[in-house]
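> Just passing along the structure, written as structure tokens.
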Amino acid sequence: MKISSKDILKLILSLGITGYILYNSSKTTDWNQIWEALKSFKYEWILLSILLSLFSHSLRAYRWAMLLGTQGPRPSTWTSFLAVMACYLGNMAIPRLGEVARCTIMKKEENIPVTFSLGTVITDRLLDLFMLMLFTMFLLAMQFNLLKSYFSQFIDNKLPFLITLWPYLILAGIIGLLLILFVIRKSKKEDNANSVYFKIKQKTTELISGVKAIKNVANPLGFWLSTLGIWALYFAMLYVISFGYAPTAELSLMAGIAVLVMGSLGMAAPVNNGIGAYQALVASILVIYGISHNDGYVFAVVSHGSQVVSVIIFGFLSLLILNFRKKKKRIDTH
């Protein structure tokens with residue numbers, strides 16, 4: 001898959017945002033204390049967290065395979081898992097590049113149209129958004145009085161920036177929409193298989209069918225149980241790490257849910273794998289639960305860093321396996 005100049009610009013922008021967030025979130029951090037804390041960490045809990053994360057990735061692959069199987073033969077969960085891990089590795093380089101990469105892999109491995117796969121990926125991400133909203137509403141319902149000042153301050157800090165930014169975003173959206181309409185109108189006069197209008201129409205139909213695939217899954221119960229399982233494992237893989245660090249060893253379940261919510265928001269930020277944003281948000285929310293900022297930052301560095309290492313190792317292994325399978329296919333066809 002080629003990397004365009006647009007992807008390179010996204011990488012530069014995301015690295016800039018990452019650096020800015022890391023600088024601002026760690027200005028008051030005592031790095032000597034963090035280093036000493038890391039040396040005393042009980043790493044068996046980190047290994048358990050990584051194991052739980054692999055189970056969650058497997059469930060995501062299983063769920064995605066069900067969506068992909070609504071248009072034809074269902075791909076194996078193993079192939080979907082390899083594509084998902086390669087996706088996570090790609091997202092570490094350029095945000096959201098991995099989503100396209102895993103669809104490209106499924107095209108090569110199972111001959112599934114890329115646009116249909118992208119539609120299922122959109123559904124996959126919408127389900128994540130839905131689950132995050134459920135956890136957020138549950139957290140606020142259970143601990144509104146404790147968290148209202150934190151979220152009010154968070155919104156007050158970000159609102160001025162959003163107010164100055166939104167006119168430019170709307171203008172960019174309008175210009176983009178006008179360009180699309182211009183291209184479609186111009187090519188509509190040539191309504192044939194080679195026209196831009198026909199290709200856009202075809203790809204849009206495939207994309208929408210991918211989004212709607214959730215209605216046609218063969219095993220709805222397994223689909224929704226896997227969705228719940230993914231997020232239960234997300235919570236578990238974050239929570240067990242707290243047992244390995246003395247200041248967080250008695251972290252409450254509600255504090256664990258707060259970490260899950262804020263960590264997920266950090267991972268959704270337009271930076272490489274949530275680096276910087278994750279640490280800043282997790283450390284700040286743990287202060288509400290009586291954990292010092294430095295101790296919260298240590299917890300965030302370890303919980304996030306262990307997943308980054310896991311993605312690098314298993315992502316590269318997945319790419320190696322896919323490359324080996326590709327070479328084997330070439331040999332078998334000759």
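Letters A, B, ... go to the chains of the structure tokens in the order shown; residues in each chain start at 1; ligands are counted from 1 in the same order.
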Do a neighbour search on range 254-256 of chain A at 7 Å with only C-alpha atoms, toss out local chain neighbours closer than 3 positions, and write the hits as a compact mmCIF listing (two decimals) with C-alpha atoms, in the first residue's frame.


```txt
# COMPACT_ATOMS: atom_id res chain seq x y z
CA TYR A 239 -7.43 -2.70 36.00
CA LEU A 251 -7.87 1.25 43.16
CA VAL A 259 -9.54 5.17 33.73
CA LEU A 260 -11.18 3.13 30.95
CA TYR A 289 -9.52 9.30 43.30
```

> Determine, counting only C-alpha atoms, which protein, DNA and RNA residues have an atom within 12 Å of an atom of Ile313 in chain A; residues of the same chain fewer than 4 positions away are not included. Present the result as an NGL selection string.

:A and (50 or 54 or 85-86 or 88-89 or 306-309 or 317-320)

> What separation in Å, quoted to one decimal, exists between CA of Leu225 in chain A and CA of Thr70 in chain A?

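These two atoms are separated by 18.0 Å.
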
> I need the residues in range 202-292 of chain A that are helix (DSSP H, G or I) according to DSSP; give them as a PyMOL selection string.

chain A and resi 202-216+220-244+246-248+253-267+272-274+277-288

> Figure out the distance between CA of Arg63 in chain A and CA of Phe81 in chain A, please, to one decimal in Å.

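That distance, rounded to one decimal, is 10.2 Å.
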
> What lies within 8 Å of Ala61 in chain A using only C-alpha atoms, ignoring chain neighbours under 4 positions off, as a list in words?

His57, Ala65, Thr77, Trp78, Ser80, Phe81 and Val84 of chain A

> Please measure the separation of CA of Arg325 in chain A and CA of Glu109 in chain A, giving the value in Å to one decimal.

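Between CA of Arg325 in chain A and CA of Glu109 in chain A the gap is 9.0 Å.
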
> For Val287 in chain A, which of A:Val240, A:Ile170, A:Ile94, A:Ala258 is the closest residue, counting only C-alpha atoms?

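Using only C-alpha atoms, Val287 in chain A sits closest to A:Ala258.
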
> Excluding Tyr245 in chain A and its own-chain neighbours fewer than 5 positions away, which residues fall within 10 Å of it when counting only C-alpha atoms? Please give them as a list in words.

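Counting only the stated atoms, we get Ala37, Leu38, Ser40, Phe41, Lys42, Tyr43, Trp45, Val240, Glu250, Asp295, Val298, Phe299 and Val302 of chain A.
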
> From the list A:Asn91, A:Thr136, A:Thr115, A:Thr227, which residue is nearest Tyr62 in chain A when using only C-alpha atoms?

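Nearest to Tyr62 in chain A: A:Thr227.
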
> Which of these residues is nearest to Trp224 in chain A, using only C-alpha atoms: A:Leu47, A:Met131, A:Ile321, A:Ala172?

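Checking each of A:Leu47, A:Met131, A:Ile321, A:Ala172 against Trp224 in chain A, counting only C-alpha atoms, the winner is A:Met131.
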
> Taking into account only C-alpha atoms, which residue in the set A:Ile46, A:Ile174, A:Gly72, A:Gly274 is nearest to Asn216 in chain A?

A:Gly72

> Residues at most 8 Å from Met267 in chain A, counting only C-alpha atoms, excluding those fewer than 5 positions away in the same chain, as a list of chain:residue names?

A:Asn273, A:Gly274, A:Ile275, A:Ala277, A:Tyr278

> For a quick check of understanding, using only C-alpha atoms, which of A:Leu68, A:Ala141, A:Val261, A:Ala268 has the smallest distance to Val114 in chain A?

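Closest to Val114 in chain A of all the choices is A:Leu68.
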